[in-house]
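Asker: Handing you a structure now.
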Amino acid sequence: MPTVDQSFPSFFNDAPTVTLQDPLARFLGAAHDGIMEYQYADAVRLAGHSCPTVAGTWLMTVHGLRALYGDALPVRGEIEVYMADARDAGTTGVMATVAQLVTGAAPETGFQGIGGRFGRNDLLHFDQPMQGSIGLRRKDTGAAVQVELDASVVPWPDEMRVLFPKAVSGQASTAELQRFGELWQERVRKMLVDHADDVNLVRVSNWTVD
């Protein structure tokens with residue numbers, strides 16, 4: 001299994017990965033048979049940080065694709081993504097970025113394709129009526145799932161109640177900032193490693209897209 005940059009926490013190596021086939025990558029010779037593996041570190045590089053939102057969205061996307069494709073390779077660029085909230089609401093933009101990385105689904109600004117094929121634009125939808133936080137739909141079969149995250153399954157430790165306000169206000173010492181970062185990533189680790197397959201953390205259900 002490939003390892004991640006040593007500048008990242010070592011537990012990134014233990015997070016679930018996802019392997020997909022991308023017809024555009026195959027067509028342009030960018031990857032053998034268009035097969036590519038994505039790791040959590042890829043999402044961190046794109047988002048610029050590692051947090052419960054990035055980790056939770058990573059897990060929701062991974063589990064949603066598993067539910068849709070089973071043992072078959074998901075087809076990148078052939079998956080529609082639905083976000084429950086508006087694009088400018090809260091952390092929706094971050095979540096959409098992670099989902100787009102893996103699925104290839106882009107909003108109206110995305111790649112428009114080549115000769116009527118491989119288009120990625122208009123596959124990412126916002127402000128959708130649904131129960132979950134994210135919905136995924138296969139373009140070929142129409143099968144869809146909605147996925148919800150319950151981050152309370154992995155709560156912050158009590159120590160964070162003291163450190164968090166000091167860290168965000170700029171009043172924390174160097175040692176306190178280091179400890180803050182350690183606690184922050186420890187929660188991410190628990191989500192991605194200890195609770196990676198916890199059905200209480202990530203819930204997937206079948207969905208009919210209106």
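Chain identifiers are assigned as A, B, and so on, following the order in which chains appear in the structure tokens; residues are numbered from 1 within each chain, and ligands are numbered from 1 in order of appearance.
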Do you know which residues are at most 9 Å from Leu149 of chain A counting only C-alpha atoms, after dropping those on the same chain fewer than 5 positions away, and could you put them as a PDB file with all heavy atoms, in the first residue's frame?

Answerer:
ATOM      1  N   GLY A  56     -15.105  13.162   7.827  1.00  0.00           N
ATOM      2  CA  GLY A  56     -16.464  12.651   7.745  1.00  0.00           C
ATOM      3  C   GLY A  56     -16.955  12.571   6.318  1.00  0.00           C
ATOM      4  O   GLY A  56     -17.615  11.598   5.923  1.00  0.00           O
ATOM      5  N   THR A  57     -16.653  13.581   5.522  1.00  0.00           N
ATOM      6  CA  THR A  57     -17.065  13.563   4.113  1.00  0.00           C
ATOM      7  C   THR A  57     -16.339  12.469   3.354  1.00  0.00           C
ATOM      8  O   THR A  57     -16.920  11.815   2.477  1.00  0.00           O
ATOM      9  CB  THR A  57     -16.796  14.923   3.460  1.00  0.00           C
ATOM     10  OG1 THR A  57     -17.403  15.958   4.238  1.00  0.00           O
ATOM     11  CG2 THR A  57     -17.356  14.967   2.048  1.00  0.00           C
ATOM     12  N   LEU A  59     -15.356   9.611   4.581  1.00  0.00           N
ATOM     13  CA  LEU A  59     -16.004   8.354   4.936  1.00  0.00           C
ATOM     14  C   LEU A  59     -17.383   8.232   4.292  1.00  0.00           C
ATOM     15  O   LEU A  59     -17.764   7.148   3.824  1.00  0.00           O
ATOM     16  CB  LEU A  59     -16.126   8.238   6.454  1.00  0.00           C
ATOM     17  CG  LEU A  59     -14.831   7.998   7.226  1.00  0.00           C
ATOM     18  CD1 LEU A  59     -15.092   8.045   8.729  1.00  0.00           C
ATOM     19  CD2 LEU A  59     -14.196   6.664   6.842  1.00  0.00           C
ATOM     20  N   MET A  60     -18.143   9.317   4.272  1.00  0.00           N
ATOM     21  CA  MET A  60     -19.458   9.261   3.638  1.00  0.00           C
ATOM     22  C   MET A  60     -19.351   8.919   2.162  1.00  0.00           C
ATOM     23  O   MET A  60     -20.138   8.126   1.629  1.00  0.00           O
ATOM     24  CB  MET A  60     -20.190  10.598   3.825  1.00  0.00           C
ATOM     25  CG  MET A  60     -20.732  10.823   5.217  1.00  0.00           C
ATOM     26  SD  MET A  60     -21.900  12.212   5.304  1.00  0.00           S
ATOM     27  CE  MET A  60     -20.774  13.610   5.120  1.00  0.00           C
ATOM     28  N   GLY A 132     -30.261  12.790   4.227  1.00  0.00           N
ATOM     29  CA  GLY A 132     -28.846  12.729   4.525  1.00  0.00           C
ATOM     30  C   GLY A 132     -28.136  14.034   4.234  1.00  0.00           C
ATOM     31  O   GLY A 132     -28.745  15.029   3.823  1.00  0.00           O
ATOM     32  N   SER A 133     -26.828  14.019   4.442  1.00  0.00           N
ATOM     33  CA  SER A 133     -26.002  15.188   4.148  1.00  0.00           C
ATOM     34  C   SER A 133     -25.533  15.189   2.703  1.00  0.00           C
ATOM     35  O   SER A 133     -25.372  16.247   2.089  1.00  0.00           O
ATOM     36  CB  SER A 133     -24.781  15.212   5.073  1.00  0.00           C
ATOM     37  OG  SER A 133     -25.171  15.278   6.421  1.00  0.00           O
ATOM     38  N   ASN A 200     -22.923   3.526  13.084  1.00  0.00           N
ATOM     39  CA  ASN A 200     -23.510   4.615  13.859  1.00  0.00           C
ATOM     40  C   ASN A 200     -22.893   5.962  13.479  1.00  0.00           C
ATOM     41  O   ASN A 200     -23.535   7.005  13.629  1.00  0.00           O
ATOM     42  CB  ASN A 200     -23.310   4.364  15.357  1.00  0.00           C
ATOM     43  CG  ASN A 200     -24.066   3.154  15.851  1.00  0.00           C
ATOM     44  OD1 ASN A 200     -25.261   3.028  15.614  1.00  0.00           O
ATOM     45  ND2 ASN A 200     -23.367   2.247  16.529  1.00  0.00           N
ATOM     46  N   LEU A 201     -21.665   5.928  13.002  1.00  0.00           N
ATOM     47  CA  LEU A 201     -20.997   7.155  12.565  1.00  0.00           C
ATOM     48  C   LEU A 201     -21.452   7.548  11.167  1.00  0.00           C
ATOM     49  O   LEU A 201     -21.793   8.706  10.912  1.00  0.00           O
ATOM     50  CB  LEU A 201     -19.481   6.960  12.579  1.00  0.00           C
ATOM     51  CG  LEU A 201     -18.641   8.152  12.099  1.00  0.00           C
ATOM     52  CD1 LEU A 201     -18.788   9.340  13.040  1.00  0.00           C
ATOM     53  CD2 LEU A 201     -17.170   7.750  11.966  1.00  0.00           C
ATOM     54  N   VAL A 202     -21.456   6.600  10.255  1.00  0.00           N
ATOM     55  CA  VAL A 202     -21.865   6.853   8.866  1.00  0.00           C
ATOM     56  C   VAL A 202     -23.029   5.938   8.526  1.00  0.00           C
ATOM     57  O   VAL A 202     -22.900   4.708   8.564  1.00  0.00           O
ATOM     58  CB  VAL A 202     -20.700   6.599   7.885  1.00  0.00           C
ATOM     59  CG1 VAL A 202     -21.173   6.817   6.446  1.00  0.00           C
ATOM     60  CG2 VAL A 202     -19.526   7.515   8.197  1.00  0.00           C
ATOM     61  N   ARG A 203     -24.146   6.540   8.207  1.00  0.00           N
ATOM     62  CA  ARG A 203     -25.350   5.779   7.885  1.00  0.00           C
ATOM     63  C   ARG A 203     -25.686   5.962   6.406  1.00  0.00           C
ATOM     64  O   ARG A 203     -25.827   7.078   5.915  1.00  0.00           O
ATOM     65  CB  ARG A 203     -26.531   6.220   8.745  1.00  0.00           C
ATOM     66  CG  ARG A 203     -26.348   5.911  10.225  1.00  0.00           C
ATOM     67  CD  ARG A 203     -27.629   6.171  11.013  1.00  0.00           C
ATOM     68  NE  ARG A 203     -27.912   7.587  11.093  1.00  0.00           N
ATOM     69  CZ  ARG A 203     -27.505   8.389  12.067  1.00  0.00           C
ATOM     70  NH1 ARG A 203     -26.744   7.915  13.041  1.00  0.00           N
ATOM     71  NH2 ARG A 203     -27.830   9.666  12.075  1.00  0.00           N
TER      72      ARG A 203
END

Asker: Using DSSP on the backbone, list every residue of chain A that comes out as strand (DSSP E), and give them as a ChimeraX atom specification.

Answerer: /A:18-21,35-38,79-83,124-125,134-138,144-149,202-206

Asker: Enter the distance from atom CA of Gly116 of chain A to atom CA of Gln21 of chain A, in Å, rounded to one decimal.

Answerer: 19.0 Å

Asker: Nearest to Ala84 of chain A: which of A:Arg138, A:Arg187, A:His32, A:His125 is it, counting only C-alpha atoms?

Answerer: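 Checking each candidate against Ala84 of chain A, we get A:His125 as the closest.
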
Asker: Which residue out of A:Gln185, A:Gln112, A:Asn13, A:Thr208 has the minimum interatomic distance to Thr53 of chain A when only C-alpha atoms are used?

Answerer: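 Comparing A:Gln185, A:Gln112, A:Asn13, A:Thr208 against Thr53 of chain A, the winner is A:Gln185.
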
Asker: Near Pro23 of chain A, counting only C-alpha atoms, which residues have an atom at most 12 Å away, once you skip same-chain residues fewer than 5 positions from it, shown as a list in words?

Answerer: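 Close residues of Pro23 of chain A: Leu28, Gly29, Ala30, Ala31, His32, Asp33, Gly34, Ile35, Met36, Leu73, Pro74, Val75, Arg76, Gly77, Glu78, Gly104, Gly113, Ile114, Arg117, Phe118, Gly119 and Arg120 of chain A.
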
Asker: Restricting it to N, CA and C atoms, dump the selection as a CSV table (one decimal), in the first residue's frame.

Answerer:
chain,number,residue,atom,x,y,z
A,28,LEU,N,-7.3,9.4,-22.2
A,28,LEU,CA,-6.2,10.3,-22.4
A,28,LEU,C,-4.8,9.7,-22.0
A,29,GLY,N,-4.9,8.4,-21.6
A,29,GLY,CA,-3.6,7.7,-21.2
A,29,GLY,C,-3.0,8.2,-19.9
A,30,ALA,N,-3.9,8.8,-19.1
A,30,ALA,CA,-3.3,9.4,-17.8
A,30,ALA,C,-3.1,8.3,-16.7
A,31,ALA,N,-3.8,7.2,-16.9
A,31,ALA,CA,-3.7,6.1,-15.9
A,31,ALA,C,-4.0,4.8,-16.6
A,32,HIS,N,-3.2,3.7,-16.3
A,32,HIS,CA,-3.4,2.4,-16.9
A,32,HIS,C,-4.9,2.0,-16.7
A,33,ASP,N,-5.6,1.7,-17.8
A,33,ASP,CA,-7.0,1.3,-17.7
A,33,ASP,C,-7.9,2.4,-17.0
A,34,GLY,N,-7.3,3.6,-16.7
A,34,GLY,CA,-8.1,4.6,-16.1
A,34,GLY,C,-8.3,4.3,-14.6
A,35,ILE,N,-7.5,3.4,-14.0
A,35,ILE,CA,-7.7,3.0,-12.6
A,35,ILE,C,-6.8,3.9,-11.7
A,36,MET,N,-7.4,4.5,-10.7
A,36,MET,CA,-6.7,5.4,-9.8
A,36,MET,C,-7.1,5.1,-8.4
A,73,LEU,N,-15.6,-1.7,-9.4
A,73,LEU,CA,-15.0,-0.4,-9.3
A,73,LEU,C,-16.0,0.8,-9.6
A,74,PRO,N,-16.1,1.7,-8.8
A,74,PRO,CA,-16.9,2.9,-9.1
A,74,PRO,C,-16.3,3.6,-10.3
A,75,VAL,N,-17.2,4.2,-11.1
A,75,VAL,CA,-16.8,4.9,-12.3
A,75,VAL,C,-16.8,6.4,-12.1
A,76,ARG,N,-15.6,6.9,-12.0
A,76,ARG,CA,-15.4,8.4,-11.8
A,76,ARG,C,-15.9,9.1,-13.0
A,77,GLY,N,-16.7,10.2,-12.7
A,77,GLY,CA,-17.3,11.0,-13.8
A,77,GLY,C,-18.7,10.5,-14.2
A,78,GLU,N,-19.1,9.4,-13.7
A,78,GLU,CA,-20.4,8.8,-14.0
A,78,GLU,C,-21.3,8.8,-12.7
A,104,GLY,N,-15.4,13.0,-9.2
A,104,GLY,CA,-15.3,13.8,-10.4
A,104,GLY,C,-16.5,14.7,-10.7
A,113,GLY,N,-16.3,18.1,-21.3
A,113,GLY,CA,-16.2,16.8,-22.0
A,113,GLY,C,-15.5,17.0,-23.4
A,114,ILE,N,-15.3,15.9,-24.1
A,114,ILE,CA,-14.7,15.8,-25.4
A,114,ILE,C,-15.6,15.1,-26.3
A,117,ARG,N,-18.5,13.4,-24.7
A,117,ARG,CA,-18.2,12.3,-23.8
A,117,ARG,C,-17.4,12.9,-22.6
A,118,PHE,N,-17.4,12.2,-21.5
A,118,PHE,CA,-16.6,12.5,-20.3
A,118,PHE,C,-16.9,13.8,-19.6
A,119,GLY,N,-18.0,14.4,-19.9
A,119,GLY,CA,-18.4,15.6,-19.2
A,119,GLY,C,-18.5,15.5,-17.7
A,120,ARG,N,-18.1,16.4,-16.9
A,120,ARG,CA,-18.2,16.4,-15.5
A,120,ARG,C,-19.0,17.5,-14.9

Asker: Rank nothing, just name the residue among A:Arg137, A:Val18, A:Asp122, A:Ser50 nearest to Trp184 of chain A, using only C-alpha atoms.

Answerer: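 Result for the nearest residue to Trp184 of chain A: A:Ser50.
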
Asker: Could you check how far atom CA of Thr17 of chain A sits from atom CA of Phe126 of chain A, in Å to one decimal?

Answerer: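 Atom CA of Thr17 of chain A sits 25.5 Å away from atom CA of Phe126 of chain A.
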
Asker: Please report the interatomic distance between atom CA of Ala43 of chain A and atom CA of Gln171 of chain A in Å with one decimal.

Answerer: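 Separation of atom CA of Ala43 of chain A and atom CA of Gln171 of chain A: 29.8 Å.
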
Asker: I need the residues of segment 83-158 of chain A that end up classed as helix (DSSP H, G or I) by DSSP on the backbone, written out as a CSV table (one decimal) with N, CA, C and O atoms, in the first residue's frame.

Answerer:
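So the final result, stored in result.csv, reads:
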chain,number,residue,atom,x,y,z
A,92,THR,N,-20.5,23.3,3.7
A,92,THR,CA,-21.0,22.6,2.4
A,92,THR,C,-19.9,22.6,1.4
A,92,THR,O,-19.7,21.7,0.6
A,93,GLY,N,-19.2,23.8,1.2
A,93,GLY,CA,-18.2,23.9,0.2
A,93,GLY,C,-17.1,23.0,0.4
A,93,GLY,O,-16.6,22.4,-0.6
A,94,VAL,N,-16.6,22.8,1.6
A,94,VAL,CA,-15.6,21.8,1.9
A,94,VAL,C,-16.0,20.4,1.6
A,94,VAL,O,-15.3,19.6,1.0
A,95,MET,N,-17.2,20.1,2.0
A,95,MET,CA,-17.7,18.7,1.8
A,95,MET,C,-17.8,18.5,0.3
A,95,MET,O,-17.5,17.4,-0.2
A,96,ALA,N,-18.3,19.4,-0.5
A,96,ALA,CA,-18.5,19.3,-1.9
A,96,ALA,C,-17.1,19.1,-2.6
A,96,ALA,O,-17.0,18.3,-3.5
A,97,THR,N,-16.1,19.8,-2.1
A,97,THR,CA,-14.8,19.7,-2.7
A,97,THR,C,-14.2,18.3,-2.5
A,97,THR,O,-13.6,17.7,-3.4
A,98,VAL,N,-14.4,17.7,-1.3
A,98,VAL,CA,-13.9,16.3,-1.1
A,98,VAL,C,-14.7,15.3,-2.0
A,98,VAL,O,-14.1,14.4,-2.6
A,99,ALA,N,-16.0,15.5,-2.0
A,99,ALA,CA,-16.8,14.6,-2.8
A,99,ALA,C,-16.5,14.7,-4.3
A,99,ALA,O,-16.4,13.7,-5.1
A,100,GLN,N,-16.2,15.9,-4.8
A,100,GLN,CA,-15.8,16.1,-6.2
A,100,GLN,C,-14.5,15.5,-6.5
A,100,GLN,O,-14.3,14.9,-7.6
A,101,LEU,N,-13.5,15.6,-5.5
A,101,LEU,CA,-12.2,14.9,-5.7
A,101,LEU,C,-12.4,13.5,-6.1
A,101,LEU,O,-11.8,13.0,-7.1
A,102,VAL,N,-13.2,12.8,-5.3
A,102,VAL,CA,-13.3,11.3,-5.5
A,102,VAL,C,-14.2,11.0,-6.7
A,102,VAL,O,-13.8,10.1,-7.5
A,103,THR,N,-15.3,11.6,-6.8
A,103,THR,CA,-16.3,11.2,-7.8
A,103,THR,C,-16.1,11.9,-9.2
A,103,THR,O,-16.6,11.4,-10.2
A,151,ALA,N,-21.3,12.8,13.9
A,151,ALA,CA,-20.0,13.0,14.4
A,151,ALA,C,-20.0,12.9,15.9
A,151,ALA,O,-18.9,12.8,16.5
A,152,SER,N,-21.2,13.0,16.6
A,152,SER,CA,-21.2,12.9,18.0
A,152,SER,C,-20.8,11.5,18.5
A,152,SER,O,-20.5,11.3,19.7
A,153,VAL,N,-20.7,10.5,17.6
A,153,VAL,CA,-20.2,9.2,17.9
A,153,VAL,C,-18.8,9.3,18.4
A,153,VAL,O,-18.3,8.5,19.2

Asker: Return the single residue from A:Arg161, A:Arg66, A:Arg26, A:Arg45 that is closest to Ser7 of chain A, with distances computed using only C-alpha atoms.

Answerer: A:Arg45

Asker: Quick one: residues within 12 Å of Gly142 of chain A, only C-alpha atoms, excluding same-chain residues fewer than 6 positions away - as a list of chain:residue names?

Answerer: A:Leu68, A:Tyr69, A:Glu78, A:Ile79, A:Glu80, A:Leu136, A:Asn206, A:Trp207, A:Thr208, A:Val209, A:Asp210

Asker: Produce a file of the selected residues containing N, CA, C and O atoms, as a PDB file, in the first residue's frame.

Answerer:
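Just written: out-v7.pdb:
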ATOM      1  N   LEU A  68     -23.216   1.628  -3.541  1.00  0.00           N
ATOM      2  CA  LEU A  68     -23.692   1.714  -4.923  1.00  0.00           C
ATOM      3  C   LEU A  68     -23.056   0.680  -5.843  1.00  0.00           C
ATOM      4  O   LEU A  68     -23.706   0.177  -6.766  1.00  0.00           O
ATOM      5  N   TYR A  69     -21.784   0.378  -5.620  1.00  0.00           N
ATOM      6  CA  TYR A  69     -21.050  -0.458  -6.563  1.00  0.00           C
ATOM      7  C   TYR A  69     -20.664  -1.827  -6.031  1.00  0.00           C
ATOM      8  O   TYR A  69     -20.224  -2.680  -6.808  1.00  0.00           O
ATOM      9  N   GLU A  78     -19.093   9.350 -13.670  1.00  0.00           N
ATOM     10  CA  GLU A  78     -20.418   8.802 -13.977  1.00  0.00           C
ATOM     11  C   GLU A  78     -21.284   8.754 -12.722  1.00  0.00           C
ATOM     12  O   GLU A  78     -22.207   7.952 -12.624  1.00  0.00           O
ATOM     13  N   ILE A  79     -20.957   9.618 -11.767  1.00  0.00           N
ATOM     14  CA  ILE A  79     -21.655   9.661 -10.484  1.00  0.00           C
ATOM     15  C   ILE A  79     -22.127  11.081 -10.220  1.00  0.00           C
ATOM     16  O   ILE A  79     -21.354  12.029 -10.317  1.00  0.00           O
ATOM     17  N   GLU A  80     -23.398  11.233  -9.916  1.00  0.00           N
ATOM     18  CA  GLU A  80     -23.928  12.542  -9.528  1.00  0.00           C
ATOM     19  C   GLU A  80     -23.866  12.669  -8.006  1.00  0.00           C
ATOM     20  O   GLU A  80     -24.089  11.699  -7.286  1.00  0.00           O
ATOM     21  N   LEU A 136     -25.547  10.225  -3.476  1.00  0.00           N
ATOM     22  CA  LEU A 136     -24.765   9.768  -4.621  1.00  0.00           C
ATOM     23  C   LEU A 136     -25.680   8.969  -5.544  1.00  0.00           C
ATOM     24  O   LEU A 136     -26.453   8.123  -5.076  1.00  0.00           O
ATOM     25  N   ASN A 206     -30.820   3.610   0.978  1.00  0.00           N
ATOM     26  CA  ASN A 206     -31.257   3.746  -0.404  1.00  0.00           C
ATOM     27  C   ASN A 206     -32.081   5.017  -0.556  1.00  0.00           C
ATOM     28  O   ASN A 206     -32.747   5.468   0.396  1.00  0.00           O
ATOM     29  N   TRP A 207     -32.069   5.584  -1.738  1.00  0.00           N
ATOM     30  CA  TRP A 207     -32.699   6.889  -1.953  1.00  0.00           C
ATOM     31  C   TRP A 207     -33.271   6.952  -3.356  1.00  0.00           C
ATOM     32  O   TRP A 207     -32.663   6.480  -4.326  1.00  0.00           O
ATOM     33  N   THR A 208     -34.444   7.531  -3.460  1.00  0.00           N
ATOM     34  CA  THR A 208     -35.059   7.786  -4.758  1.00  0.00           C
ATOM     35  C   THR A 208     -34.941   9.263  -5.055  1.00  0.00           C
ATOM     36  O   THR A 208     -35.483  10.092  -4.325  1.00  0.00           O
ATOM     37  N   VAL A 209     -34.202   9.613  -6.093  1.00  0.00           N
ATOM     38  CA  VAL A 209     -33.996  11.010  -6.442  1.00  0.00           C
ATOM     39  C   VAL A 209     -35.242  11.548  -7.110  1.00  0.00           C
ATOM     40  O   VAL A 209     -35.765  10.952  -8.068  1.00  0.00           O
ATOM     41  N   ASP A 210     -35.763  12.655  -6.591  1.00  0.00           N
ATOM     42  CA  ASP A 210     -36.976  13.249  -7.182  1.00  0.00           C
ATOM     43  C   ASP A 210     -36.674  13.897  -8.529  1.00  0.00           C
ATOM     44  O   ASP A 210     -35.592  14.437  -8.747  1.00  0.00           O
TER      45      ASP A 210
END
